[in-house]
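*Asks:* Input file: my_file06.tsv. Contents: TSV, C-alpha atoms.
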chain	number	residue	atom	x	y	z
A	27	ALA	CA	-11.90	4.32	-18.20
A	28	ALA	CA	-8.99	2.42	-16.60
A	29	ILE	CA	-11.01	2.04	-13.42
A	30	SER	CA	-14.52	1.20	-14.55
A	31	SER	CA	-14.27	-0.17	-18.13
A	32	ASP	CA	-14.80	-3.85	-18.93
A	33	GLY	CA	-11.67	-5.61	-17.74
A	34	GLY	CA	-10.64	-2.47	-15.84
A	35	ILE	CA	-9.38	-2.21	-12.28
A	36	LEU	CA	-12.77	-2.71	-10.61
A	37	SER	CA	-13.16	-6.09	-12.31
A	38	HIS	CA	-9.98	-7.22	-10.50
A	39	ALA	CA	-10.88	-5.81	-7.07
A	40	TYR	CA	-11.18	-8.14	-4.14
A	41	GLY	CA	-11.99	-7.83	-0.43
A	42	ARG	CA	-9.72	-8.60	2.54
A	43	ASP	CA	-11.05	-9.16	6.05
A	44	ASP	CA	-9.72	-6.53	8.48
A	45	GLY	CA	-10.29	-8.71	11.57
A	46	MET	CA	-12.98	-6.32	12.84
A	47	GLY	CA	-15.94	-7.53	10.81
A	48	ARG	CA	-15.39	-5.39	7.70
A	49	LYS	CA	-13.55	-5.76	4.44
A	50	THR	CA	-11.13	-3.54	2.60
A	51	ARG	CA	-11.23	-3.59	-1.17
A	52	MET	CA	-8.22	-3.36	-3.41
A	53	ALA	CA	-6.79	-4.35	-6.75
A	54	LEU	CA	-3.13	-5.28	-7.13
A	55	TRP	CA	-1.06	-6.05	-10.22
A	56	ASN	CA	2.63	-6.60	-10.92
A	57	HIS	CA	3.12	-5.42	-14.49
A	58	PRO	CA	2.39	-1.82	-15.42
A	59	GLY	CA	0.14	-1.75	-18.44
A	60	ASN	CA	-0.24	0.84	-21.16
A	61	ASP	CA	-3.21	2.54	-19.51
A	62	VAL	CA	-3.04	5.61	-17.28
A	63	THR	CA	-2.02	3.56	-14.21
A	64	GLY	CA	0.99	2.13	-16.05
A	65	MET	CA	1.95	5.56	-17.37
A	66	ILE	CA	1.91	7.02	-13.85
A	67	ALA	CA	4.40	4.36	-12.70
A	68	ARG	CA	6.77	5.31	-15.54
A	69	VAL	CA	6.75	9.11	-15.47
A	70	PRO	CA	10.01	10.77	-14.36
A	71	ARG	CA	8.29	12.36	-11.39
A	72	VAL	CA	7.61	8.87	-9.99
A	73	ALA	CA	10.26	6.55	-11.47
A	74	GLY	CA	12.96	9.25	-11.55
A	75	THR	CA	12.30	10.34	-7.98
A	76	MET	CA	12.42	6.76	-6.75
A	77	ALA	CA	15.69	6.16	-8.64
A	78	ALA	CA	17.20	9.26	-7.04
A	79	LEU	CA	16.03	8.26	-3.56
A	80	LEU	CA	17.18	4.64	-3.88
A	81	GLY	CA	20.43	5.43	-5.67
A	82	GLY	CA	20.08	3.66	-9.02
A	83	ASP	CA	17.81	1.88	-11.43
A	84	VAL	CA	14.42	0.83	-10.09
A	85	TYR	CA	11.86	-1.73	-11.15
A	86	HIS	CA	8.10	-1.85	-10.75
A	87	TYR	CA	7.24	-4.21	-7.87
A	88	HIS	CA	3.49	-3.71	-8.02
A	89	THR	CA	0.68	-1.20	-8.31
A	90	LYS	CA	-2.12	-1.26	-5.80
A	91	LEU	CA	-5.39	0.63	-5.77
A	92	MET	CA	-6.91	0.65	-2.29
A	93	MET	CA	-10.63	1.38	-2.18
A	94	LYS	CA	-12.18	2.43	1.11
A	95	ASP	CA	-15.94	2.54	0.89
A	96	ALA	CA	-17.35	5.53	2.79
A	97	ARG	CA	-18.59	4.65	6.30
A	98	THR	CA	-18.75	0.93	5.49
A	99	GLY	CA	-15.27	0.00	4.31
A	100	GLY	CA	-12.85	-1.93	6.46
A	101	ALA	CA	-9.59	-0.70	7.93
A	102	HIS	CA	-6.13	-1.02	6.44
A	103	LEU	CA	-4.29	-2.11	9.58
A	104	TRP	CA	-1.10	-0.43	10.82
A	105	HIS	CA	1.78	-2.11	9.04
A	106	GLN	CA	5.16	-1.58	7.46
A	107	ASP	CA	5.22	-2.15	3.72
A	108	PHE	CA	8.51	-3.97	4.32
A	109	GLY	CA	6.56	-6.51	6.40
A	110	TYR	CA	4.70	-7.55	3.26
A	111	TRP	CA	7.78	-7.27	1.01
A	112	ALA	CA	9.81	-9.54	3.30
A	113	ASN	CA	7.06	-12.20	3.16
A	114	ASN	CA	7.34	-12.08	-0.64
A	115	GLY	CA	11.11	-12.68	-0.73
A	116	CYS	CA	12.43	-9.09	-0.69
A	117	VAL	CA	14.74	-9.47	2.29
A	118	TYR	CA	16.31	-6.00	2.13
A	119	PRO	CA	14.36	-2.76	2.52
A	120	ASP	CA	15.79	-1.34	-0.72
A	121	MET	CA	12.34	-0.43	-1.98
A	122	GLY	CA	10.04	2.54	-1.77
A	123	THR	CA	6.36	3.34	-1.83
A	124	CYS	CA	4.82	6.14	-3.84
A	125	PHE	CA	1.38	7.04	-2.51
A	126	ILE	CA	-0.93	9.08	-4.75
A	127	THR	CA	-4.37	9.95	-3.42
A	128	LEU	CA	-7.39	10.08	-5.68
A	129	ASP	CA	-9.66	11.59	-3.02
A	130	LYS	CA	-9.22	13.98	-0.10
A	131	MET	CA	-7.43	12.28	2.79
A	132	ASP	CA	-7.87	13.51	6.36
A	133	LYS	CA	-8.70	12.25	9.85
A	134	GLU	CA	-12.45	12.41	9.18
A	135	ASN	CA	-12.26	9.89	6.36
A	136	ALA	CA	-9.48	7.76	7.89
A	137	GLY	CA	-6.69	8.80	5.54
A	138	LEU	CA	-3.18	7.41	5.60
A	139	GLN	CA	-1.17	8.12	8.74
A	140	VAL	CA	2.61	7.76	8.85
A	141	LEU	CA	4.50	7.22	12.10
A	142	ARG	CA	7.43	9.65	12.16
A	143	GLY	CA	10.75	7.80	12.38
A	144	SER	CA	9.20	4.35	11.99
A	145	HIS	CA	11.55	3.60	9.09
A	146	ARG	CA	14.38	3.55	11.65
A	147	LEU	CA	12.78	0.77	13.74
A	148	GLY	CA	13.80	-2.04	11.42
A	149	LEU	CA	11.33	-4.76	10.52
A	150	LEU	CA	8.76	-5.02	13.30
A	151	PRO	CA	7.03	-8.31	14.09
A	152	HIS	CA	3.69	-8.52	12.29
A	153	ARG	CA	0.69	-10.64	13.23
A	154	GLN	CA	-2.38	-11.62	11.28
A	155	GLY	CA	-5.39	-9.34	11.67
A	156	GLY	CA	-8.06	-10.95	9.54
A	157	ALA	CA	-6.46	-11.34	6.10
A	158	GLN	CA	-3.93	-8.58	6.75
A	159	ALA	CA	-0.59	-8.25	8.51
A	160	GLU	CA	-0.57	-5.81	11.43
A	161	ALA	CA	2.58	-4.37	13.02
A	162	ASP	CA	3.00	-5.33	16.68
A	163	PRO	CA	0.98	-2.70	18.61
A	164	GLN	CA	3.47	-2.76	21.52
A	165	ARG	CA	6.41	-1.85	19.26
A	166	ARG	CA	4.69	0.85	17.21
A	167	ALA	CA	3.51	2.90	20.20
What would you get if you wrote out this structure as structure tokens?
*Replies:*
Amino acid sequence: AAISSDGGILSHAYGRDDGMGRKTRMALWNHPGNDVTGMIARVPRVAGTMAALLGGDVYHYHTKLMMKDARTGGAHLWHQDFGYWANNGCVYPDMGTCFITLDKMDKENAGLQVLRGSHRLGLLPHRQGGAQAEADPQRRA
């Protein structure tokens, strides 16, 4: 119901050009509501784990639902979340990302890939790729 009901997540979804002729779809919001998406952000397994990892109280920066349409959806370009956070005034990387999949993620359906050790590289230069920020391909190799 939180996804498809009137006024639900899908009604707030928008597309972002990936610079390769396709669009990614997502919905993003800053205040956790009282629906299932807000409850997930508050449960001890999420909020408590983030507090333990970051060493103290945490706040909800935003929730994002990324929607990749099968065989037609655009790419989410290689990036550091900190690249976006820094552009929004969060100048220190004292934040974390909790990624929860709703569908199977693997190489066949272009699931999330994490570059081992990339958190030790510091903030990489990012460039615009369509309506997204892409980490410098020379530095991420």
*Asks:* Which value, in Å to one decimal, gives the distance between CA of Val69 (chain A) and CA of Thr123 (chain A)?
*Replies:* 14.8 Å
*Asks:* Take every atom of region 140-153 of chain A listed in the file, fit an axis-aligned box around them, add 5 Å per side, and give the centre and edge lengths in Å to one decimal as AutoDock Vina command-line options.
*Replies:*
--center_x 7.5 --center_y -0.5 --center_z 11.5 --size_x 23.7 --size_y 30.3 --size_z 15.2
*Asks:* Using all atoms listed in the file, can you tell me which of A:Gly81, A:Pro58, A:Pro70, A:Pro163 comes closest to Met121 (chain A)?
*Replies:*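 Of A:Gly81, A:Pro58, A:Pro70, A:Pro163, the one nearest Met121 (chain A), counting all atoms listed in the file, is A:Gly81.
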*Asks:* Using all atoms listed in the file - which residues lie no farther than 10 Å from the point (-6.2, -1.7, 0.3) in the file's frame? Write them as a PDB file with C-alpha atoms, keeping the file's coordinate frame.
*Replies:*
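The resulting out.pdb:
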ATOM      1  CA  ALA A  39     -10.880  -5.810  -7.070  1.00  0.00           C
ATOM      2  CA  TYR A  40     -11.180  -8.140  -4.140  1.00  0.00           C
ATOM      3  CA  GLY A  41     -11.990  -7.830  -0.430  1.00  0.00           C
ATOM      4  CA  ARG A  42      -9.720  -8.600   2.540  1.00  0.00           C
ATOM      5  CA  LYS A  49     -13.550  -5.760   4.440  1.00  0.00           C
ATOM      6  CA  THR A  50     -11.130  -3.540   2.600  1.00  0.00           C
ATOM      7  CA  ARG A  51     -11.230  -3.590  -1.170  1.00  0.00           C
ATOM      8  CA  MET A  52      -8.220  -3.360  -3.410  1.00  0.00           C
ATOM      9  CA  ALA A  53      -6.790  -4.350  -6.750  1.00  0.00           C
ATOM     10  CA  LEU A  54      -3.130  -5.280  -7.130  1.00  0.00           C
ATOM     11  CA  LYS A  90      -2.120  -1.260  -5.800  1.00  0.00           C
ATOM     12  CA  LEU A  91      -5.390   0.630  -5.770  1.00  0.00           C
ATOM     13  CA  MET A  92      -6.910   0.650  -2.290  1.00  0.00           C
ATOM     14  CA  MET A  93     -10.630   1.380  -2.180  1.00  0.00           C
ATOM     15  CA  LYS A  94     -12.180   2.430   1.110  1.00  0.00           C
ATOM     16  CA  GLY A 100     -12.850  -1.930   6.460  1.00  0.00           C
ATOM     17  CA  ALA A 101      -9.590  -0.700   7.930  1.00  0.00           C
ATOM     18  CA  HIS A 102      -6.130  -1.020   6.440  1.00  0.00           C
ATOM     19  CA  LEU A 103      -4.290  -2.110   9.580  1.00  0.00           C
ATOM     20  CA  GLN A 158      -3.930  -8.580   6.750  1.00  0.00           C
TER      21      GLN A 158
END
*Asks:* Neighbouring residues of region 136-153 of chain A were defined as those with any atom within 8 Å, considering only C-alpha atoms; residues of the same chain fewer than 6 positions away were excluded. Please report them as a list in words.
*Replies:*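 Answer for this query is His105, Gln106, Phe108, Gly109, Ala159, Glu160, Ala161, Asp162, Arg165 and Arg166 of chain A.
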*Asks:* Convert the current residue selection to file output with C-alpha atoms, as a compact mmCIF listing (two decimals), keeping the file's coordinate frame.
*Replies:*
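Dumped to part-v8.txt:
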# COMPACT_ATOMS: atom_id res chain seq x y z
CA HIS A 105 1.78 -2.11 9.04
CA GLN A 106 5.16 -1.58 7.46
CA PHE A 108 8.51 -3.97 4.32
CA GLY A 109 6.56 -6.51 6.40
CA ALA A 159 -0.59 -8.25 8.51
CA GLU A 160 -0.57 -5.81 11.43
CA ALA A 161 2.58 -4.37 13.02
CA ASP A 162 3.00 -5.33 16.68
CA ARG A 165 6.41 -1.85 19.26
CA ARG A 166 4.69 0.85 17.21
*Asks:* Hey, can you check how far CA of Val72 (chain A) sits from CA of Asp132 (chain A)?
*Replies:*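 It comes out at 23.0 Å.
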*Asks:* Skipping near chain neighbours, those fewer than 2 positions away, what residues fall within 8 Å of His86 (chain A) using only C-alpha atoms, listed as a ChimeraX atom specification?
*Replies:* /A:56-58,67,84,88-89
*Asks:* One decimal, Å: what's the distance from CA of Arg97 (chain A) over to CA of Met131 (chain A), could you say?
*Replies:*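 Value for the CA of Arg97 (chain A)-CA of Met131 (chain A) distance: 14.0 Å.
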*Asks:* Let me make sure I understand: among A:Asp44, A:Tyr85, A:Ser37, A:Gln164, which one has the smallest atom-to-atom distance to Gly122 (chain A) if we use all atoms listed in the file?
*Replies:* A:Tyr85
*Asks:* Quick one: of A:Asp83, A:Gln154, A:Asp95, A:Lys133, who's nearest to Asp120 (chain A), counting all atoms listed in the file?
*Replies:* A:Asp83
*Asks:* Pick the closest to Arg48 (chain A) from A:Cys116, A:Arg68, A:Gly155, A:Ile126: which is it, counting all atoms listed in the file?
*Replies:*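 Using all atoms listed in the file, Arg48 (chain A) sits closest to A:Gly155.
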